[in-house]
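Q: Below is a structure I'd like to ask you about.
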Amino acid sequence: MRKLCNKNLSAGFTLVELMIVVVIVGVLTSLAISRYSEAVDKAKYSSARLWLKKIFLSCEEFYNQHGCYPADVNPNIAPPGLCPTFLEYWPNPTQDPFNSLYDYENHPFDGMRAVGITYLGKDLRHELGWQWGWENATVGEIIEIDGGDDLFIVIAKKVKTCTSTSTSTW
């Protein structure tokens with residue numbers, strides 16, 4: 001009976017084994033955090049895509065009623081006459097997941113006007129890829145610019161813009 005009580009039980013982990021476990025847990029944690037971060041960004045961009053589609057539909061309704069699109073404005077400003085009649089409000093940085101901006105674009109293109117919206121993404125830099133977008137995307141298509149950081153939707157190509165005299169009835 002005495003031999004059973006004096007049995008040496010050294011069944012613990014060695015320092016090397018503990019270090020290996022810590023390294024493995026660290027690697028798995030870093031992979032999980034990066035995947036989580038990517039999933040969060042993807043969800044935020046999905047929200048921005050929904051806003052672009054909502055603005056697109058509002059601009060189409062505006063065009064159907066007025067026969068033209070609003071003139072160009074600075075970034076993060078609603079085009080004249082669009083809000084609140086056709087769109088409840090223009091998304092501002094405090095409502096955006098990345099605190100980013102939406103830029104309504106109405107520029108000369110092939111002798112007429114081209115209309116679209118650029119979402120500046122999480123880096124808040126305007127990559128000016130809209131020209132490529134107007135040349136290569138179809139109306140209503142959302143394209144990624146700058147490796148997916150900026151988003152752009154084509155609203156219309158070769159259209160006319162409302163002038164101050166045609167917008168006075170708003």
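Chain labels follow the order of the structure tokens: the first chain is A, the next B, and so on; residue numbering restarts at 1 in every chain, and ligands are counted from 1 in their shown order.
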Excluding A:Phe86 and any residue of its chain fewer than 5 positions from it, enumerate the residues within 10 Å of it, using only C-alpha atoms, and give them as a PyMOL selection string.

A: chain A and resi 54-55+57-62+81

Q: Set the distance at 6 Å and use only C-alpha atoms: which residues neighbour stretch 69-76 of chain A once local chain neighbours fewer than 3 positions away are removed? I'd like the list as a list in words.

A: Tyr63, Pro79, Leu101, Tyr102, Asp103, Glu105, Asn106, Thr161 and Cys162 of chain A

Q: With N, CA and C atoms retained, could you export that selection as an mmCIF file, in the first residue's frame?

A:
data_model
loop_
_atom_site.group_PDB
_atom_site.id
_atom_site.type_symbol
_atom_site.label_atom_id
_atom_site.label_comp_id
_atom_site.auth_asym_id
_atom_site.auth_seq_id
_atom_site.Cartn_x
_atom_site.Cartn_y
_atom_site.Cartn_z
ATOM 1 N N TYR A 63 -36.272 61.611 -62.739
ATOM 2 C CA TYR A 63 -36.209 61.762 -64.199
ATOM 3 C C TYR A 63 -37.583 61.536 -64.830
ATOM 4 N N PRO A 79 -28.571 66.162 -54.482
ATOM 5 C CA PRO A 79 -28.891 66.930 -55.689
ATOM 6 C C PRO A 79 -30.173 67.731 -55.477
ATOM 7 N N LEU A 101 -18.563 59.213 -47.708
ATOM 8 C CA LEU A 101 -19.368 60.164 -48.467
ATOM 9 C C LEU A 101 -19.939 59.530 -49.728
ATOM 10 N N TYR A 102 -21.073 60.053 -50.165
ATOM 11 C CA TYR A 102 -21.682 59.709 -51.443
ATOM 12 C C TYR A 102 -21.595 60.954 -52.319
ATOM 13 N N ASP A 103 -21.047 60.809 -53.507
ATOM 14 C CA ASP A 103 -20.855 61.954 -54.399
ATOM 15 C C ASP A 103 -21.705 61.776 -55.654
ATOM 16 N N GLU A 105 -22.621 62.573 -59.215
ATOM 17 C CA GLU A 105 -21.815 63.046 -60.349
ATOM 18 C C GLU A 105 -22.722 63.310 -61.553
ATOM 19 N N ASN A 106 -22.580 64.477 -62.169
ATOM 20 C CA ASN A 106 -23.284 64.800 -63.398
ATOM 21 C C ASN A 106 -22.302 65.583 -64.262
ATOM 22 N N THR A 161 -29.371 67.630 -68.379
ATOM 23 C CA THR A 161 -29.458 68.049 -66.986
ATOM 24 C C THR A 161 -30.494 69.146 -66.871
ATOM 25 N N CYS A 162 -31.230 69.143 -65.780
ATOM 26 C CA CYS A 162 -32.196 70.206 -65.526
ATOM 27 C C CYS A 162 -31.464 71.534 -65.401
#

Q: Would you list the contacts of A:Glu127 as a list in words, taking every protein, DNA or RNA residue within 12 Å and counting only C-alpha atoms, but skipping same-chain residues closer than 4 positions in sequence?

A: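 The contact residues come out as Asp103, Thr118, Tyr119, Leu120, Gly121, Asp123, Gln131, Trp132, Gly133, Glu144, Ile145, Asp146, Gly147, Gly148, Asp149, Asp150, Leu151 and Phe152 of chain A.
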
Q: Would you mind exporting C-alpha atoms of the selected residues as a short mmCIF file (atom, residue, chain, number, x, y, z; two decimals), in the first residue's frame?

A:
data_model
loop_
_atom_site.label_atom_id
_atom_site.label_comp_id
_atom_site.auth_asym_id
_atom_site.auth_seq_id
_atom_site.Cartn_x
_atom_site.Cartn_y
_atom_site.Cartn_z
CA ASP A 103 -20.85 61.95 -54.40
CA THR A 118 -19.51 57.47 -56.25
CA TYR A 119 -19.24 56.02 -52.76
CA LEU A 120 -15.83 56.98 -51.39
CA GLY A 121 -15.41 53.90 -49.20
CA ASP A 123 -10.31 55.41 -47.19
CA GLN A 131 -14.96 57.93 -66.04
CA TRP A 132 -13.93 54.30 -66.46
CA GLY A 133 -17.29 53.32 -64.97
CA GLU A 144 -15.84 48.54 -57.65
CA ILE A 145 -13.05 51.06 -58.13
CA ASP A 146 -9.64 51.19 -56.43
CA GLY A 147 -9.59 47.51 -55.60
CA GLY A 148 -13.11 47.61 -54.22
CA ASP A 149 -12.66 50.56 -51.85
CA ASP A 150 -14.80 52.95 -53.92
CA LEU A 151 -18.15 51.95 -55.42
CA PHE A 152 -19.78 53.59 -58.43
#

Q: Can you pull out every residue within 9 Å of A:Gly140, counting only C-alpha atoms, but drop anything in the same chain fewer than 6 positions away, and send it as a ChimeraX atom specification?

A: /A:53,56-57,153-156

Q: I need the strand (DSSP E or B) residues of chain A per DSSP on the backbone, written as an MDAnalysis selection string.

A: chainID A and resid 69 102:109 112:119 142:145 150:159 161

Q: Kindly give the distance, in Å, that separates atom CA of A:Gln65 and atom CA of A:Glu88, rounded to a single decimal.

A: 16.8 Å

Q: Which of stretch 59-90 of chain A end up as alpha helix (DSSP H) when DSSP is run on this backbone - answer as a ChimeraX atom specification?

A: /A:59-66

Q: Would you work out the distance separating atom CA of A:Gly116 from atom CA of A:Glu38, expressed in Å to one decimal?

A: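 Rounded to one decimal, the two atoms are 27.0 Å apart.
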
Q: Counting only C-alpha atoms, which residue out of A:Ser46, A:Ser30, A:Phe109, A:Ala11 sits closest to A:Lys160?

A: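 Nearest to A:Lys160: A:Phe109.
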
Q: Using only C-alpha atoms, which of the listed residues (A:Ile117, A:Arg125, A:Pro80, A:Leu15) sits closest to A:Ile143?

A: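 That would be A:Ile117, the residue with the smallest distance to A:Ile143.
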
Q: May I ask for the distance between atom CA of A:Val16 and atom CA of A:Thr29, given in Å to one decimal place?

A: 19.9 Å
